[in-house]
Structure formats: structure tokens, C-alpha cells
>>> print(open('query-v1.pdb').read())   # PDB, C-alpha atoms and all ligand atoms
ATOM      1  CA  MET A  13     115.216  18.039 205.468
ATOM      2  CA  PRO A  14     118.585  18.519 207.219
ATOM      3  CA  ASN A  15     119.298  17.138 210.683
ATOM      4  CA  TYR A  16     119.274  20.221 212.860
ATOM      5  CA  THR A  17     121.020  20.832 216.177
ATOM      6  CA  LEU A  18     120.249  24.064 218.002
ATOM      7  CA  TYR A  19     122.886  25.197 220.534
ATOM      8  CA  TYR A  20     121.927  27.546 223.343
ATOM      9  CA  PHE A  21     122.012  27.967 227.096
ATOM     10  CA  ASN A  22     119.467  26.201 229.245
ATOM     11  CA  GLY A  23     117.054  29.102 228.942
ATOM     12  CA  ARG A  24     114.475  30.510 226.548
ATOM     13  CA  GLY A  25     116.353  33.708 225.702
ATOM     14  CA  ARG A  26     117.159  34.341 222.082
ATOM     15  CA  ALA A  27     116.714  30.698 221.113
ATOM     16  CA  GLU A  28     113.060  30.432 222.065
ATOM     17  CA  ILE A  29     111.764  31.929 218.817
ATOM     18  CA  LEU A  30     113.691  29.223 216.942
ATOM     19  CA  ARG A  31     112.362  26.455 219.166
ATOM     20  CA  MET A  32     108.846  27.816 218.729
ATOM     21  CA  MET A  33     109.192  27.937 214.949
ATOM     22  CA  PHE A  34     110.425  24.337 214.874
ATOM     23  CA  ALA A  35     107.437  23.367 217.019
ATOM     24  CA  ALA A  36     104.930  25.269 214.843
ATOM     25  CA  ALA A  37     106.415  23.667 211.719
ATOM     26  CA  GLY A  38     106.347  20.212 213.328
ATOM     27  CA  VAL A  39     110.066  19.798 212.553
ATOM     28  CA  LYS A  40     112.289  17.666 214.781
ATOM     29  CA  TYR A  41     115.690  18.956 215.909
ATOM     30  CA  MET A  42     118.215  18.349 218.653
ATOM     31  CA  ASP A  43     117.803  20.985 221.368
ATOM     32  CA  LYS A  44     121.345  21.145 222.757
ATOM     33  CA  ARG A  45     121.290  23.150 225.987
ATOM     34  CA  PHE A  46     124.169  23.861 228.328
ATOM     35  CA  GLU A  47     124.706  25.595 231.656
ATOM     36  CA  PHE A  48     126.719  28.802 232.118
ATOM     37  CA  ASN A  49     129.599  26.928 233.702
ATOM     38  CA  GLU A  50     129.895  24.790 230.548
ATOM     39  CA  TRP A  51     130.019  27.772 228.177
ATOM     40  CA  ASP A  52     133.807  28.020 227.891
ATOM     41  CA  LYS A  53     133.810  24.471 226.556
ATOM     42  CA  TYR A  54     131.367  25.360 223.726
ATOM     43  CA  ARG A  55     132.335  28.963 223.031
ATOM     44  CA  LYS A  56     135.382  28.292 220.876
ATOM     45  CA  ASP A  57     133.361  25.999 218.578
ATOM     46  CA  MET A  58     130.694  28.623 217.846
ATOM     47  CA  PRO A  59     131.363  30.664 214.666
ATOM     48  CA  CYS A  60     130.791  34.065 216.273
ATOM     49  CA  MET A  61     131.511  32.859 219.843
ATOM     50  CA  CYS A  62     127.850  33.451 220.595
ATOM     51  CA  VAL A  63     124.696  31.387 220.655
ATOM     52  CA  PRO A  64     122.098  30.562 219.378
ATOM     53  CA  VAL A  65     123.758  28.550 216.627
ATOM     54  CA  LEU A  66     122.025  26.170 214.241
ATOM     55  CA  GLU A  67     124.069  23.207 213.035
ATOM     56  CA  MET A  68     123.030  21.409 209.864
ATOM     57  CA  ASP A  69     123.691  17.700 209.386
ATOM     58  CA  GLY A  70     126.408  17.678 212.025
ATOM     59  CA  GLY A  71     128.555  20.068 209.905
ATOM     60  CA  MET A  72     127.898  23.678 209.017
ATOM     61  CA  LYS A  73     127.166  25.920 212.008
ATOM     62  CA  MET A  74     125.078  29.071 211.430
ATOM     63  CA  PRO A  75     125.089  31.938 213.985
ATOM     64  CA  GLU A  76     122.765  34.928 214.529
ATOM     65  CA  THR A  77     119.242  34.555 215.844
ATOM     66  CA  MET A  78     117.514  36.622 213.179
ATOM     67  CA  ALA A  79     119.351  35.002 210.255
ATOM     68  CA  ILE A  80     118.330  31.588 211.578
ATOM     69  CA  ALA A  81     114.744  32.711 212.182
ATOM     70  CA  ARG A  82     114.464  34.097 208.644
ATOM     71  CA  TYR A  83     115.859  30.873 207.234
ATOM     72  CA  LEU A  84     113.260  28.857 209.181
ATOM     73  CA  ALA A  85     110.500  31.271 208.142
ATOM     74  CA  ARG A  86     111.375  30.806 204.458
ATOM     75  CA  GLU A  87     111.817  27.067 204.805
ATOM     76  CA  TYR A  88     108.583  26.404 206.728
ATOM     77  CA  ASN A  89     106.250  29.087 205.347
ATOM     78  CA  PHE A  90     106.112  31.583 208.166
ATOM     79  CA  TYR A  91     106.467  34.522 205.794
ATOM     80  CA  PRO A  92     103.572  36.335 204.103
ATOM     81  CA  LYS A  93     103.417  36.163 200.305
ATOM     82  CA  SER A  94     104.298  39.554 198.811
ATOM     83  CA  ASN A  95     107.694  41.225 199.004
ATOM     84  CA  MET A  96     106.156  44.290 200.641
ATOM     85  CA  ASP A  97     104.424  42.151 203.276
ATOM     86  CA  MET A  98     107.683  40.293 203.904
ATOM     87  CA  MET A  99     109.346  43.635 204.588
ATOM     88  CA  ARG A 100     106.565  44.552 207.002
ATOM     89  CA  CYS A 101     106.825  41.175 208.704
ATOM     90  CA  ASP A 102     110.625  41.653 208.996
ATOM     91  CA  TYR A 103     110.421  45.106 210.563
ATOM     92  CA  ILE A 104     107.856  43.895 213.084
ATOM     93  CA  ALA A 105     110.106  40.975 214.018
ATOM     94  CA  ASP A 106     113.117  43.323 214.226
ATOM     95  CA  CYS A 107     111.210  45.730 216.478
ATOM     96  CA  PHE A 108     110.422  42.945 218.949
ATOM     97  CA  TYR A 109     114.005  41.752 218.725
ATOM     98  CA  GLU A 110     115.174  45.222 219.787
ATOM     99  CA  ILE A 111     113.265  44.685 223.022
ATOM    100  CA  MET A 112     114.691  41.182 223.414
ATOM    101  CA  HIS A 113     118.204  42.428 222.687
ATOM    102  CA  ASP A 114     118.092  45.244 225.230
ATOM    103  CA  TYR A 115     116.489  42.967 227.798
ATOM    104  CA  MET A 116     119.237  40.369 227.313
ATOM    105  CA  ARG A 117     122.009  42.996 227.382
ATOM    106  CA  TYR A 118     120.600  44.255 230.648
ATOM    107  CA  TYR A 119     121.454  40.810 231.984
ATOM    108  CA  HIS A 120     124.977  40.790 230.581
ATOM    109  CA  TRP A 121     128.275  41.777 232.006
ATOM    110  CA  LYS A 122     129.988  44.901 230.684
ATOM    111  CA  ASN A 123     132.314  42.802 228.584
ATOM    112  CA  GLY A 124     129.425  41.138 226.800
ATOM    113  CA  ARG A 125     129.683  37.915 228.790
ATOM    114  CA  PHE A 126     126.830  36.763 230.986
ATOM    115  CA  ARG A 127     126.544  38.228 234.430
ATOM    116  CA  PHE A 128     125.361  34.916 235.876
ATOM    117  CA  GLY A 129     127.731  33.130 238.183
ATOM    118  CA  ASP A 130     128.396  29.386 238.129
ATOM    119  CA  ASN A 131     125.571  28.960 240.605
ATOM    120  CA  GLY A 132     123.166  30.470 238.054
ATOM    121  CA  MET A 133     122.562  33.555 240.217
ATOM    122  CA  MET A 134     122.741  37.001 238.687
ATOM    123  CA  THR A 135     125.620  39.144 239.934
ATOM    124  CA  SER A 136     126.029  42.916 239.905
ATOM    125  CA  ASP A 137     128.798  44.501 237.854
ATOM    126  CA  ASN A 138     131.001  44.961 240.903
ATOM    127  CA  GLY A 139     131.437  41.208 240.735
ATOM    128  CA  ASN A 140     129.684  40.139 243.911
ATOM    129  CA  ASN A 141     126.771  37.757 244.017
ATOM    130  CA  SER A 142     124.450  39.920 246.052
ATOM    131  CA  GLY A 143     122.146  40.710 243.153
ATOM    132  CA  ASN A 144     122.871  44.407 243.703
ATOM    133  CA  MET A 145     121.756  46.156 240.513
ATOM    134  CA  ASP A 146     122.468  49.765 241.408
ATOM    135  CA  SER A 147     125.656  50.521 239.474
ATOM    136  CA  ASN A 148     125.715  53.139 236.720
ATOM    137  CA  TYR A 149     126.031  50.452 234.124
ATOM    138  CA  ASP A 150     123.027  48.569 235.453
ATOM    139  CA  ASN A 151     121.053  51.806 235.588
ATOM    140  CA  TYR A 152     121.975  52.663 232.027
ATOM    141  CA  MET A 153     121.073  49.213 230.716
ATOM    142  CA  GLN A 154     117.758  49.280 232.556
ATOM    143  CA  TRP A 155     117.011  52.772 231.212
ATOM    144  CA  ARG A 156     117.903  51.639 227.705
ATOM    145  CA  TYR A 157     115.620  48.596 227.902
ATOM    146  CA  MET A 158     112.716  50.688 229.243
ATOM    147  CA  ASN A 159     113.297  53.333 226.599
ATOM    148  CA  THR A 160     113.149  50.701 223.854
ATOM    149  CA  MET A 161     109.965  49.234 225.342
ATOM    150  CA  ASN A 162     108.306  52.657 225.432
ATOM    151  CA  ARG A 163     109.369  53.445 221.888
ATOM    152  CA  VAL A 164     108.548  50.115 220.246
ATOM    153  CA  MET A 165     105.392  48.942 222.006
ATOM    154  CA  PRO A 166     103.004  51.786 221.013
ATOM    155  CA  PHE A 167     104.250  51.488 217.434
ATOM    156  CA  MET A 168     103.600  47.739 217.439
ATOM    157  CA  GLU A 169     100.107  48.215 218.903
ATOM    158  CA  ARG A 170      99.325  50.667 216.066
ATOM    159  CA  THR A 171     100.890  48.392 213.445
ATOM    160  CA  LEU A 172      98.803  45.424 214.601
ATOM    161  CA  SER A 173      95.639  47.538 214.319
ATOM    162  CA  MET A 174      96.340  48.210 210.643
ATOM    163  CA  ARG A 175      95.035  44.767 209.573
ATOM    164  CA  ASN A 176      91.536  43.624 210.575
ATOM    165  CA  GLY A 177      91.583  46.232 213.328
ATOM    166  CA  GLY A 178      94.184  44.083 215.076
ATOM    167  CA  SER A 179      91.809  41.235 215.759
ATOM    168  CA  HIS A 180      93.796  38.528 213.892
ATOM    169  CA  PHE A 181      97.535  38.323 213.265
ATOM    170  CA  PHE A 182      99.983  41.045 212.210
ATOM    171  CA  MET A 183      99.800  40.031 208.578
ATOM    172  CA  GLY A 184      96.107  39.068 208.487
ATOM    173  CA  ASP A 185      94.551  35.639 208.915
ATOM    174  CA  GLN A 186      97.765  33.602 208.876
ATOM    175  CA  MET A 187     100.186  33.430 211.766
ATOM    176  CA  THR A 188     103.679  34.408 210.577
ATOM    177  CA  TRP A 189     106.999  34.480 212.384
ATOM    178  CA  CYS A 190     106.588  38.108 213.515
ATOM    179  CA  ASP A 191     103.568  36.980 215.602
ATOM    180  CA  MET A 192     105.759  34.365 217.267
ATOM    181  CA  MET A 193     108.383  37.063 217.893
ATOM    182  CA  CYS A 194     105.728  39.099 219.685
ATOM    183  CA  TYR A 195     105.103  36.120 221.952
ATOM    184  CA  CYS A 196     108.724  35.156 222.656
ATOM    185  CA  CYS A 197     110.351  38.568 223.038
ATOM    186  CA  LEU A 198     107.769  39.744 225.562
ATOM    187  CA  GLU A 199     107.748  36.648 227.763
ATOM    188  CA  ASN A 200     110.169  37.838 230.436
ATOM    189  CA  PRO A 201     109.191  41.516 230.334
ATOM    190  CA  TYR A 202     105.563  40.438 230.861
ATOM    191  CA  MET A 203     106.365  37.970 233.654
ATOM    192  CA  GLU A 204     108.345  40.646 235.471
ATOM    193  CA  ASN A 205     105.931  43.564 235.180
ATOM    194  CA  GLN A 206     102.423  42.952 233.845
ATOM    195  CA  SER A 207     101.287  46.496 234.565
ATOM    196  CA  MET A 208     103.623  47.751 231.826
ATOM    197  CA  PHE A 209     101.377  46.050 229.277
ATOM    198  CA  SER A 210      97.976  47.471 230.149
ATOM    199  CA  ASN A 211      98.210  50.008 227.297
ATOM    200  CA  TYR A 212      98.677  47.286 224.714
ATOM    201  CA  PRO A 213      95.506  45.165 224.782
ATOM    202  CA  LYS A 214      95.701  44.164 221.114
ATOM    203  CA  LEU A 215      99.255  42.888 221.467
ATOM    204  CA  MET A 216      98.290  40.976 224.589
ATOM    205  CA  ALA A 217      95.336  39.377 222.788
ATOM    206  CA  LEU A 218      97.630  38.492 219.888
ATOM    207  CA  ARG A 219      99.988  36.705 222.293
ATOM    208  CA  THR A 220      97.021  34.663 223.521
ATOM    209  CA  ARG A 221      96.140  33.766 219.906
ATOM    210  CA  VAL A 222      99.726  32.651 219.265
ATOM    211  CA  SER A 223      99.780  30.526 222.411
ATOM    212  CA  SER A 224      96.450  28.942 221.368
ATOM    213  CA  HIS A 225      97.797  27.754 218.031
ATOM    214  CA  PRO A 226      97.428  23.939 218.320
ATOM    215  CA  LYS A 227     101.119  23.091 217.790
ATOM    216  CA  ILE A 228     102.340  25.997 219.887
ATOM    217  CA  SER A 229     100.025  25.257 222.791
ATOM    218  CA  THR A 230     101.272  21.653 222.816
ATOM    219  CA  TYR A 231     104.840  22.941 222.743
ATOM    220  CA  LEU A 232     104.249  25.436 225.553
ATOM    221  CA  LYS A 233     102.788  22.729 227.776
ATOM    222  CA  SER A 234     105.704  20.350 227.242
ATOM    223  CA  ARG A 235     108.716  22.687 227.009
ATOM    224  CA  THR A 236     111.490  22.887 229.593
ATOM    225  CA  ASN A 237     110.539  25.558 232.122
ATOM    226  CA  THR A 238     113.285  28.065 232.867
ATOM    227  CA  GLN A 239     113.380  31.537 234.470
ATOM    228  CA  TRP A 240     114.414  33.400 231.340
TER     229      TRP A 240
HETATM  230  N1  LIG B 301     123.698  39.085 217.590
HETATM  231  C1  LIG B 301     123.642  37.805 218.234
HETATM  232  C2  LIG B 301     123.882  37.994 219.716
HETATM  233  C3  LIG B 301     123.995  36.652 220.407
HETATM  234  C4  LIG B 301     124.359  36.776 221.888
HETATM  235  O1  LIG B 301     124.704  37.857 222.422
HETATM  236  N2  LIG B 301     124.264  35.630 222.564
HETATM  237  C5  LIG B 301     124.588  35.548 223.964
HETATM  238  C6  LIG B 301     123.545  34.688 224.660
HETATM  239  S1  LIG B 301     121.952  35.434 224.628
HETATM  240  C7  LIG B 301     125.915  34.830 224.149
HETATM  241  O2  LIG B 301     126.226  33.923 223.387
HETATM  242  N3  LIG B 301     126.660  35.233 225.203
HETATM  243  C8  LIG B 301     127.841  34.564 225.626
HETATM  244  C9  LIG B 301     129.116  35.332 225.394
HETATM  245  O3  LIG B 301     129.059  36.408 224.777
HETATM  246  O4  LIG B 301     130.168  34.857 225.831
HETATM  247  C10 LIG B 301     122.281  37.153 217.965
HETATM  248  O5  LIG B 301     121.332  37.904 217.783
HETATM  249  O6  LIG B 301     122.175  35.929 217.915
END
>>> encode(input="query-v1.pdb", output="C-alpha cells")
Amino acid sequence: MPNYTLYYFNGRGRAEILRMMFAAAGVKYMDKRFEFNEWDKYRKDMPCMCVPVLEMDGGMKMPETMAIARYLAREYNFYPKSNMDMMRCDYIADCFYEIMHDYMRYYHWKNGRFRFGDNGMMTSDNGNNSGNMDSNYDNYMQWRYMNTMNRVMPFMERTLSMRNGGSHFFMGDQMTWCDMMCYCCLENPYMENQSMFSNYPKLMALRTRVSSHPKISTYLKSRTNTQW
């Protein structure tokens, strides 16, 4: 097994699915977190100038959340067996990642850099630190995120119901990585507005099943608590 180092900000964000998969697999790795004001120091060493990045044995650095997640899923058996089921598992994971992506972009600056200041506070796109979110750009990004939620969530609720009436995991009895995606990608949206989720009882129950998995529940109790 390689020595892994995972690079990301000191937040859950896009890296949390990877941390959760490591935890569920019982695999040790170095969780290298940094603050926003340290980013310029790390940025130039990241292959795509973005994180998360997974480094193997202190050498090769791999970017892109979903590529890393798929690698971990293949390595540690979080994929279903048949090719067709793998495709289904992938599209479910990709659907949840659409929500995650739009949520994260909503928190970005126009130029793709984070909109958090050095003090960790969110700023508006007019550059002040007041937390004013009423610019056109902010409105568009919020609309886009909500639109994605409203498009993806009913589809995911129906997809979950297709196996065992939705009473187990997406792919049946075994938890796969798309179930963990359902947990991770909805964490902040759920914390911010629980009422948005009342139409999706099966997905909510699935998230509880994921969080009750013995290794995941241990991880959730001991992980670093951050706002996002
Ligand atoms: N397509 C990439 C996007 C990664 C991405 O946008 N990462 C953000 C953090 S969530 C980042 O590194 N932002 C810093 C910057 O762009 O300077 C992925 O899915 O991993």
C-alpha cells in the first residue's frame, strides 16, 4: 500500500469524500490541511493548481476529486461488481458531485479563487468583508446551486427507491462510494437549510445508514470539526 498524503484546505469541502473513504477502508494517510492564507505557498506545487490532491509515496501528485475517489473505490472495494452497476454507481456519485460543485462555486470568487479573506470570513464579490451576498454574481451562483439541487435531488430519491424500495444502499446491501457521496455532498446544504430536504426521506435515511457504519461513525466522532 502506498504512503498517501492528501492535500486540502482546513475544511471538509471536496476532500471529505476522500477522507471518509480512507476511514471506511481503514487506511492510514497524512491529512495535510492548510489555511487560506497559506494557499499561495502550496498552489504552485499542485498539478492543476487546485486541491484536493493525493500524493503517493512522497512523489507523484494526483489532482481531481472524482479521479481520486474512483481510484480509492477500485482499490478498497467501494464499487459494485458488474460493469453496469459500476456505471450506475458512477452517475449517482457524479450527480451528488454536481451539487457539491455548485455549492463550492457559490463560495468562490469570480476568478475561481476562494472568496474567503485571510481572516477566514466570507467576502462579497465587491471585495469587502461585510458578508454582503447581493451582487448579480452571487445571485446567479445561488440560483445555479438551487437549480441543481432541485434537478438532482428528486432524481436521486427515485434512483434510491429502485433497489429494495430504497431501504438499504443505492446499490443494494453493500455500501459503495456513491452512498458516501450522498452523505458528504449534502452535509453543508443540510446544515444550512433542513427544510429543503423534507421531500427526500429515503435519501435522509440513507445518510443516517452511512453515518452508522461502524468505521464511519468512529470517523465522524473524531474528525476535525469545520464550518464547511
Ligand atoms: N475539478 C476540481 C476542482 C477543484 C477546486 O476547484 N478546488 C478548489 C478548492 S474546493 C481550489 O483548489 N481552489 C483554489 C484556487 O482555485 O486557487 C476537482 O473536482 O477536484
>>> residues_near_point(input="query-v1.pdb", point="(94.2, 37.7, 220.3)", cutoff="12 Å", atoms="only C-alpha atoms", output="PDB file with C-alpha atoms, in the coordinates of the input")
ATOM      1  CA  LEU A 172      98.803  45.424 214.601  1.00  0.00           C
ATOM      2  CA  SER A 173      95.639  47.538 214.319  1.00  0.00           C
ATOM      3  CA  ASN A 176      91.536  43.624 210.575  1.00  0.00           C
ATOM      4  CA  GLY A 177      91.583  46.232 213.328  1.00  0.00           C
ATOM      5  CA  GLY A 178      94.184  44.083 215.076  1.00  0.00           C
ATOM      6  CA  SER A 179      91.809  41.235 215.759  1.00  0.00           C
ATOM      7  CA  HIS A 180      93.796  38.528 213.892  1.00  0.00           C
ATOM      8  CA  PHE A 181      97.535  38.323 213.265  1.00  0.00           C
ATOM      9  CA  PHE A 182      99.983  41.045 212.210  1.00  0.00           C
ATOM     10  CA  ASP A 185      94.551  35.639 208.915  1.00  0.00           C
ATOM     11  CA  MET A 187     100.186  33.430 211.766  1.00  0.00           C
ATOM     12  CA  ASP A 191     103.568  36.980 215.602  1.00  0.00           C
ATOM     13  CA  CYS A 194     105.728  39.099 219.685  1.00  0.00           C
ATOM     14  CA  TYR A 195     105.103  36.120 221.952  1.00  0.00           C
ATOM     15  CA  TYR A 212      98.677  47.286 224.714  1.00  0.00           C
ATOM     16  CA  PRO A 213      95.506  45.165 224.782  1.00  0.00           C
ATOM     17  CA  LYS A 214      95.701  44.164 221.114  1.00  0.00           C
ATOM     18  CA  LEU A 215      99.255  42.888 221.467  1.00  0.00           C
ATOM     19  CA  MET A 216      98.290  40.976 224.589  1.00  0.00           C
ATOM     20  CA  ALA A 217      95.336  39.377 222.788  1.00  0.00           C
ATOM     21  CA  LEU A 218      97.630  38.492 219.888  1.00  0.00           C
ATOM     22  CA  ARG A 219      99.988  36.705 222.293  1.00  0.00           C
ATOM     23  CA  THR A 220      97.021  34.663 223.521  1.00  0.00           C
ATOM     24  CA  ARG A 221      96.140  33.766 219.906  1.00  0.00           C
ATOM     25  CA  VAL A 222      99.726  32.651 219.265  1.00  0.00           C
ATOM     26  CA  SER A 223      99.780  30.526 222.411  1.00  0.00           C
ATOM     27  CA  SER A 224      96.450  28.942 221.368  1.00  0.00           C
ATOM     28  CA  HIS A 225      97.797  27.754 218.031  1.00  0.00           C
TER      29      HIS A 225
END
>>> resolve_selection(input="query-v1.pdb", expression="the PyMOL selection byres (((chain A and resi 167) around 12) and not hetatm)", output="number ranges by chain")
A: 103-104, 107-108, 160-166, 168-174, 211-212, 214-215
>>> write_last_selection(input="query-v1.pdb", atoms="C-alpha atoms", output="compact mmCIF listing (two decimals), in the coordinates of the input")
# COMPACT_ATOMS: atom_id res chain seq x y z
CA TYR A 103 110.42 45.11 210.56
CA ILE A 104 107.86 43.90 213.08
CA CYS A 107 111.21 45.73 216.48
CA PHE A 108 110.42 42.94 218.95
CA THR A 160 113.15 50.70 223.85
CA MET A 161 109.96 49.23 225.34
CA ASN A 162 108.31 52.66 225.43
CA ARG A 163 109.37 53.44 221.89
CA VAL A 164 108.55 50.12 220.25
CA MET A 165 105.39 48.94 222.01
CA PRO A 166 103.00 51.79 221.01
CA MET A 168 103.60 47.74 217.44
CA GLU A 169 100.11 48.22 218.90
CA ARG A 170 99.32 50.67 216.07
CA THR A 171 100.89 48.39 213.44
CA LEU A 172 98.80 45.42 214.60
CA SER A 173 95.64 47.54 214.32
CA MET A 174 96.34 48.21 210.64
CA ASN A 211 98.21 50.01 227.30
CA TYR A 212 98.68 47.29 224.71
CA LYS A 214 95.70 44.16 221.11
CA LEU A 215 99.26 42.89 221.47
>>> residues_near_ligand(input="query-v1.pdb", ligand="ligand LIG 301 (chain B)", cutoff="7 Å", atoms="all atoms listed in the file", output="PyMOL selection string")
chain A and resi 25-26+55+61-64+75-78+116+124-126
>>> residues_near_point(input="query-v1.pdb", point="(117.7, 25.2, 227.5)", cutoff="7 Å", atoms="all atoms listed in the file", output="list in words")
Tyr20, Phe21, Asn22, Gly23, Arg24, Arg45, Phe46 and Thr236 of chain A
>>> closest_residue(input="query-v1.pdb", among="A:Met193, A:Gly184, A:Asp57, A:Met203", to="Ala27 (chain A)", atoms="all atoms listed in the file")
A:Met193
>>> atom_distance(input="query-v1.pdb", atom1="CA of Thr238 (chain A)", atom2="CA of Glu67 (chain A)")
23.1 Å
>>> residues_around(input="query-v1.pdb", residues="region 152-158 of chain A", least_positions_apart="4", cutoff="8 Å", atoms="all atoms listed in the file", output="PyMOL selection string")
chain A and resi 111+114-115+117-118+148+162
>>> resolve_selection(input="query-v1.pdb", expression="the PyMOL selection byres (((chain A and resi 84) around 12) and not hetatm)", output="number ranges by chain")
A: 13-14, 16, 29-39, 66, 77-83, 85-91, 188-189
>>> atom_distance(input="query-v1.pdb", atom1="CA of Asp43 (chain A)", atom2="CA of Asp102 (chain A)")
25.1 Å
>>> atom_distance(input="query-v1.pdb", atom1="CA of Gly70 (chain A)", atom2="CA of Glu47 (chain A)")
21.2 Å
>>> closest_residue(input="query-v1.pdb", among="A:Met192, A:Met68, A:Cys197, A:Leu232", to="Tyr109 (chain A)", atoms="all atoms listed in the file")
A:Cys197
